[in-house]
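Shown below: data.cif, with mmCIF, C-alpha atoms.
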```cif
data_work
#
loop_
_atom_site.label_atom_id
_atom_site.label_comp_id
_atom_site.auth_asym_id
_atom_site.auth_seq_id
_atom_site.Cartn_x
_atom_site.Cartn_y
_atom_site.Cartn_z
CA MET A 1 -15.88 13.82 53.42
CA PRO A 2 -14.73 15.71 50.32
CA LEU A 3 -14.67 13.92 46.94
CA VAL A 4 -11.14 13.14 45.84
CA CYS A 5 -10.72 13.17 42.06
CA CYS A 6 -7.82 11.13 40.72
CA GLY A 7 -8.40 11.84 37.04
CA SER A 8 -9.10 14.81 34.84
CA ALA A 9 -12.48 16.50 34.66
CA ASP A 10 -12.82 15.11 31.15
CA SER A 11 -12.29 11.60 32.50
CA VAL A 12 -15.05 12.11 35.08
CA VAL A 13 -17.47 13.37 32.44
CA LYS A 14 -16.70 10.45 30.16
CA SER A 15 -17.13 7.97 33.01
CA GLN A 16 -20.52 9.47 33.82
CA GLU A 17 -21.57 9.22 30.17
CA THR A 18 -20.34 5.70 29.52
CA GLY A 19 -20.42 4.16 32.97
CA ALA A 20 -16.70 3.35 32.73
CA PRO A 21 -13.63 5.48 33.39
CA SER A 22 -11.71 6.66 30.38
CA ASP A 23 -8.16 5.43 29.89
CA PRO A 24 -5.84 8.46 30.02
CA THR A 25 -3.01 6.31 28.60
CA LYS A 26 -4.95 5.38 25.43
CA ASP A 27 -3.10 6.46 22.30
CA ASP A 28 -5.41 8.39 19.99
CA LYS A 29 -2.69 8.86 17.37
CA MET A 30 -3.79 8.64 13.76
CA PRO A 31 -3.04 5.23 12.18
CA LYS A 32 -0.05 5.28 9.84
CA VAL A 33 0.10 3.41 6.53
CA LEU A 34 3.11 2.99 4.27
CA VAL A 35 2.56 3.12 0.52
CA LEU A 36 5.64 1.31 -0.75
CA TYR A 37 6.23 1.13 -4.49
CA TYR A 38 8.62 0.73 -7.39
CA SER A 39 8.08 2.59 -10.64
CA MET A 40 10.41 2.78 -13.63
CA TYR A 41 8.31 4.86 -16.03
CA GLY A 42 5.85 6.53 -13.64
CA HIS A 43 2.75 4.34 -13.99
CA ILE A 44 2.83 2.94 -10.47
CA LYS A 45 3.94 6.31 -9.06
CA ALA A 46 0.78 7.89 -10.49
CA MET A 47 -1.32 5.13 -8.94
CA ALA A 48 0.51 5.45 -5.62
CA ASP A 49 -0.25 9.17 -5.44
CA LYS A 50 -3.98 8.43 -5.74
CA VAL A 51 -3.76 5.66 -3.13
CA VAL A 52 -2.15 8.18 -0.76
CA GLU A 53 -4.94 10.64 -1.54
CA GLY A 54 -7.59 8.07 -0.63
CA LEU A 55 -5.83 7.17 2.61
CA THR A 56 -5.36 10.79 3.63
CA GLU A 57 -8.95 11.80 2.96
CA ALA A 58 -10.07 8.84 5.08
CA GLY A 59 -8.09 10.08 8.08
CA ILE A 60 -4.90 8.04 7.77
CA GLU A 61 -1.34 9.30 8.01
CA ALA A 62 -0.02 8.09 4.65
CA VAL A 63 3.72 7.78 4.04
CA LEU A 64 4.93 7.38 0.45
CA LYS A 65 8.27 5.65 -0.11
CA MET A 66 9.91 3.66 -2.87
CA VAL A 67 12.16 0.63 -2.78
CA PRO A 68 15.80 0.99 -3.87
CA GLU A 69 16.73 0.66 -7.52
CA THR A 70 18.73 -2.46 -8.35
CA LEU A 71 19.67 -1.64 -11.94
CA PRO A 72 22.84 0.34 -12.70
CA ALA A 73 22.50 3.83 -14.15
CA GLU A 74 23.85 2.84 -17.56
CA VAL A 75 21.17 0.15 -17.92
CA LEU A 76 18.41 2.55 -16.91
CA GLU A 77 19.71 5.03 -19.47
CA LYS A 78 19.55 2.42 -22.23
CA MET A 79 15.98 1.62 -21.14
CA HIS A 80 15.11 5.34 -21.45
CA ALA A 81 13.95 5.40 -17.84
CA PRO A 82 13.33 8.94 -16.54
CA ALA A 83 14.98 10.24 -13.39
CA LYS A 84 13.40 9.05 -10.15
CA PRO A 85 11.10 11.52 -8.34
CA ASP A 86 12.07 13.10 -5.05
CA VAL A 87 10.57 10.34 -2.89
CA PRO A 88 12.35 8.83 0.15
CA ILE A 89 13.89 5.37 -0.17
CA ALA A 90 12.46 2.85 2.30
CA ASP A 91 14.50 0.71 4.66
CA PRO A 92 13.23 -2.87 5.15
CA HIS A 93 13.47 -2.60 8.93
CA GLU A 94 11.03 0.32 9.11
CA LEU A 95 8.08 -1.78 7.91
CA ALA A 96 7.34 -2.76 11.50
CA GLU A 97 6.58 0.88 12.36
CA TYR A 98 3.38 1.04 10.31
CA ASP A 99 -0.19 -0.03 10.99
CA GLY A 100 -0.56 -1.27 7.43
CA ILE A 101 1.30 -1.42 4.12
CA LEU A 102 0.13 -1.03 0.52
CA PHE A 103 2.55 -2.35 -2.10
CA GLY A 104 2.67 -0.81 -5.59
CA ILE A 105 4.20 -3.31 -7.99
CA PRO A 106 4.90 -3.25 -11.72
CA THR A 107 4.72 -6.65 -13.36
CA ARG A 108 7.61 -8.59 -14.83
CA PHE A 109 6.33 -11.66 -16.69
CA GLY A 110 3.23 -11.92 -14.51
CA MET A 111 5.04 -11.50 -11.17
CA ALA A 112 6.44 -8.72 -9.00
CA CYS A 113 9.46 -6.86 -10.34
CA ALA A 114 12.93 -7.80 -9.08
CA GLN A 115 13.31 -4.51 -7.20
CA MET A 116 10.33 -5.24 -4.96
CA LYS A 117 11.29 -8.88 -4.49
CA SER A 118 14.84 -7.87 -3.58
CA PHE A 119 13.46 -5.47 -0.97
CA LEU A 120 11.29 -8.19 0.57
CA ASP A 121 14.27 -10.56 0.55
CA ALA A 122 15.91 -8.17 3.01
CA THR A 123 13.12 -8.54 5.60
CA GLY A 124 14.43 -11.79 7.10
CA SER A 125 15.03 -10.30 10.52
CA LEU A 126 11.45 -8.99 10.64
CA TRP A 127 10.25 -12.48 9.73
CA MET A 128 12.36 -14.08 12.45
CA GLN A 129 10.91 -11.72 15.06
CA GLY A 130 7.34 -11.82 13.75
CA LYS A 131 7.30 -8.04 13.42
CA LEU A 132 4.78 -8.00 10.57
CA VAL A 133 2.40 -10.65 11.89
CA GLY A 134 -1.18 -9.40 11.83
CA LYS A 135 -0.48 -6.23 9.85
CA PRO A 136 -2.93 -5.57 6.98
CA ALA A 137 -1.46 -5.36 3.50
CA GLY A 138 -2.77 -4.59 0.04
CA ILE A 139 -1.42 -4.63 -3.50
CA PHE A 140 -1.86 -2.47 -6.60
CA PHE A 141 -0.10 -3.12 -9.88
CA SER A 142 0.74 -2.22 -13.46
CA THR A 143 0.96 -4.56 -16.45
CA GLY A 144 1.70 -4.10 -20.12
CA THR A 145 -1.47 -5.81 -21.35
CA GLN A 146 -4.81 -7.07 -20.08
CA GLY A 147 -3.50 -10.62 -19.81
CA GLY A 148 -0.12 -9.57 -18.49
CA GLY A 149 -0.70 -10.22 -14.80
CA GLN A 150 -3.58 -8.14 -13.45
CA GLU A 151 -4.33 -11.06 -11.10
CA THR A 152 -1.17 -13.18 -11.08
CA THR A 153 1.05 -10.31 -9.93
CA ALA A 154 -0.98 -10.01 -6.73
CA LEU A 155 -1.62 -13.73 -6.42
CA THR A 156 2.07 -14.63 -6.53
CA PHE A 157 2.99 -11.76 -4.18
CA ILE A 158 0.60 -13.05 -1.53
CA THR A 159 3.22 -15.71 -0.70
CA GLN A 160 5.44 -12.92 0.63
CA LEU A 161 2.64 -11.63 2.85
CA THR A 162 1.71 -15.13 4.00
CA HIS A 163 5.19 -15.98 5.24
CA HIS A 164 5.18 -12.77 7.26
CA GLY A 165 1.73 -13.54 8.68
CA MET A 166 0.28 -10.38 7.20
CA LEU A 167 -3.43 -9.96 6.49
CA PHE A 168 -4.13 -9.56 2.78
CA VAL A 169 -6.86 -7.00 2.12
CA PRO A 170 -8.27 -7.26 -1.43
CA ILE A 171 -10.76 -4.72 -2.70
CA GLY A 172 -13.08 -7.34 -4.16
CA TYR A 173 -15.83 -5.60 -6.10
CA SER A 174 -16.26 -2.88 -3.47
CA SER A 175 -16.11 -0.32 -6.30
CA PRO A 176 -18.48 -0.66 -9.28
CA LEU A 177 -15.66 0.69 -11.46
CA ILE A 178 -14.01 -2.73 -11.38
CA MET A 179 -17.01 -4.10 -13.31
CA ASN A 180 -17.01 -1.30 -15.88
CA LEU A 181 -17.14 -2.63 -19.45
CA ASP A 182 -17.37 0.71 -21.23
CA GLU A 183 -13.61 0.95 -21.62
CA ILE A 184 -10.48 -1.16 -21.42
CA HIS A 185 -8.92 -0.80 -17.99
CA GLY A 186 -6.77 -2.50 -15.41
CA GLY A 187 -7.67 -3.57 -11.91
CA SER A 188 -9.12 -6.72 -10.42
CA PRO A 189 -10.63 -7.93 -7.14
CA TYR A 190 -7.05 -8.22 -5.89
CA GLY A 191 -6.43 -4.47 -6.15
CA ALA A 192 -6.23 -1.40 -8.34
CA GLY A 193 -4.33 -1.78 -11.58
CA THR A 194 -3.33 0.01 -14.73
CA LEU A 195 -2.40 -1.05 -18.26
CA ALA A 196 0.84 0.55 -19.42
CA GLY A 197 0.82 -0.84 -22.95
CA ALA A 198 3.55 -3.10 -24.27
CA ASP A 199 5.76 -0.08 -24.95
CA GLY A 200 4.83 1.72 -21.71
CA SER A 201 3.23 4.63 -23.55
CA ARG A 202 -0.20 4.41 -21.89
CA MET A 203 -0.52 6.22 -18.55
CA PRO A 204 -3.25 5.38 -15.98
CA SER A 205 -6.74 6.38 -17.03
CA GLU A 206 -9.14 8.40 -14.91
CA LEU A 207 -11.05 5.22 -14.09
CA GLU A 208 -7.89 3.41 -12.98
CA LEU A 209 -6.81 6.37 -10.84
CA ASN A 210 -10.24 6.50 -9.22
CA VAL A 211 -10.00 2.83 -8.32
CA ALA A 212 -6.57 3.47 -6.81
CA LYS A 213 -8.02 6.26 -4.68
CA HIS A 214 -10.86 3.95 -3.68
CA GLN A 215 -8.38 1.29 -2.62
CA GLY A 216 -6.70 3.82 -0.35
CA SER A 217 -9.94 4.80 1.37
CA TYR A 218 -11.15 1.18 1.56
CA PHE A 219 -7.85 0.04 3.09
CA ALA A 220 -8.04 2.93 5.55
CA GLY A 221 -11.33 1.59 6.90
CA VAL A 222 -9.80 -1.83 7.55
CA VAL A 223 -6.74 -0.34 9.24
CA LYS A 224 -8.90 1.80 11.51
CA LYS A 225 -10.95 -1.19 12.61
CA LEU A 226 -7.85 -3.25 13.37
CA SER A 227 -6.21 -0.33 15.19
CA ALA A 228 -9.24 0.49 17.36
#
```
What does this structure look like when you write it as structure tokens?
Amino acid sequence: MPLVCCGSADSVVKSQETGAPSDPTKDDKMPKVLVLYYSMYGHIKAMADKVVEGLTEAGIEAVLKMVPETLPAEVLEKMHAPAKPDVPIADPHELAEYDGILFGIPTRFGMACAQMKSFLDATGSLWMQGKLVGKPAGIFFSTGTQGGGQETTALTFITQLTHHGMLFVPIGYSSPLIMNLDEIHGGSPYGAGTLAGADGSRMPSELELNVAKHQGSYFAGVVKKLSA
């Protein structure tokens, strides 16, 4: 009696190698991570670009988007805020489409800025449906000074993730750069960080940007494991 093959030749080879038939319906699509941020003067945008770089080099499809501005144009002008870069504006409902989300947040008095909080306030329908339950999430941040919220910004934002049932992924001390004492820098076990200076004149240092890139690659490893 002739052998009847119901699958592809590749499936047969794989079944001979592993002892189990391969699943032709398995989705081998690259995991997709959203890097969602707000940046008024460009500090968090610079960090976000490095996070995207780390994700991409680790084999993740990284999508960079920013939350909508809540301040009127005349106020931004008085604050000497530069024009926003050509980055797509995120919609709260699209968060469910991603395998993980990294939030880039500037600090306002030790907590997340109003723009990011306003965006999360619009995710009620996702909360009701449990659309974000089990999704990994990370945080990176910018503060004016060393004591301006390098830990509290992330710590207070975790409440948002907790109510959605998301899995907070800190970087811990996975990079030795976090322990560096040769220079003043931002960052903490909660995530990558930068110090903008009280007047916003200091841009992220090379060390801070390297930690941001590390956070992207580190987060990518977690996402891949959860998506396997």
Return as a tab-separated table the residues of segment 77-177 of chain A lying at most 10 Å from segment 45-49 of chain A, together with the closest atom-to-atom pair for each and the distance in Å to one decimal, counting only C-alpha atoms, with rows in chain order and ascending residue number.
```
residue	atom	partner	partner_atom	distance
A:Lys84	CA	A:Lys45	CA	9.9
A:Pro85	CA	A:Lys45	CA	8.9
A:Val87	CA	A:Lys45	CA	9.9
A:Leu102	CA	A:Ala48	CA	8.9
A:Phe103	CA	A:Ala48	CA	8.8
A:Gly104	CA	A:Ala48	CA	6.6
A:Ile105	CA	A:Lys45	CA	9.7
A:Pro106	CA	A:Lys45	CA	10.0
A:Phe140	CA	A:Met47	CA	8.0
A:Phe141	CA	A:Met47	CA	8.4
A:Ser142	CA	A:Met47	CA	8.9
```
Between segment 112-226 of chain A and segment 71-78 of chain A, at 12 Å or less, what are the per-residue closest atom pairs and their distances in Å? Count all atoms listed in the file, order by chain and rising residue number, and return it as CSV.
```
residue,atom,partner,partner_atom,distance
A:Cys113,CA,A:Leu71,CA,11.6
A:Ala114,CA,A:Leu71,CA,9.6
A:Gln115,CA,A:Leu71,CA,8.4
A:Ser118,CA,A:Leu71,CA,11.5
```
For the contact check between segment 76-175 of chain A and segment 184-206 of chain A, emit one row per residue of segment 76-175 of chain A within 7 Å, containing the shortest atom pair and the distance in Å rounded to one decimal, counting only C-alpha atoms, chain then rising number order, as a Markdown table.
```
| residue | atom | partner | partner_atom | distance |
| --- | --- | --- | --- | --- |
| A:Ile139 | CA | A:Gly191 | CA | 5.7 |
| A:Phe140 | CA | A:Ala192 | CA | 4.8 |
| A:Phe141 | CA | A:Gly193 | CA | 4.8 |
| A:Ser142 | CA | A:Thr194 | CA | 4.8 |
| A:Thr143 | CA | A:Leu195 | CA | 5.2 |
| A:Gly144 | CA | A:Gly197 | CA | 4.4 |
| A:Thr145 | CA | A:Gly197 | CA | 5.7 |
| A:Gln146 | CA | A:Leu195 | CA | 6.7 |
| A:Gln150 | CA | A:Gly187 | CA | 6.3 |
| A:Glu151 | CA | A:Ser188 | CA | 6.5 |
| A:Ala154 | CA | A:Tyr190 | CA | 6.4 |
| A:Pro170 | CA | A:Tyr190 | CA | 4.7 |
| A:Ile171 | CA | A:Pro189 | CA | 5.5 |
| A:Gly172 | CA | A:Pro189 | CA | 3.9 |
| A:Tyr173 | CA | A:Pro189 | CA | 5.8 |
```
Anything within 6 Å of (1.3, -13.1, -13.1): list those residues as a PDB file with C-alpha atoms, in the coordinates of the input, counting all atoms listed in the file and sticking to the file's coordinates.
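For reference, selection39.pdb as written:
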```pdb
ATOM      1  CA  GLY A 110       3.230 -11.920 -14.510  1.00  0.00           C
ATOM      2  CA  MET A 111       5.040 -11.500 -11.170  1.00  0.00           C
ATOM      3  CA  GLY A 149      -0.700 -10.220 -14.800  1.00  0.00           C
ATOM      4  CA  THR A 152      -1.170 -13.180 -11.080  1.00  0.00           C
ATOM      5  CA  THR A 153       1.050 -10.310  -9.930  1.00  0.00           C
TER       6      THR A 153
END
```
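The gap separating atom CA of Gly147 of chain A from atom CA of Ala83 of chain A is 28.6 Å, in Å to one decimal.
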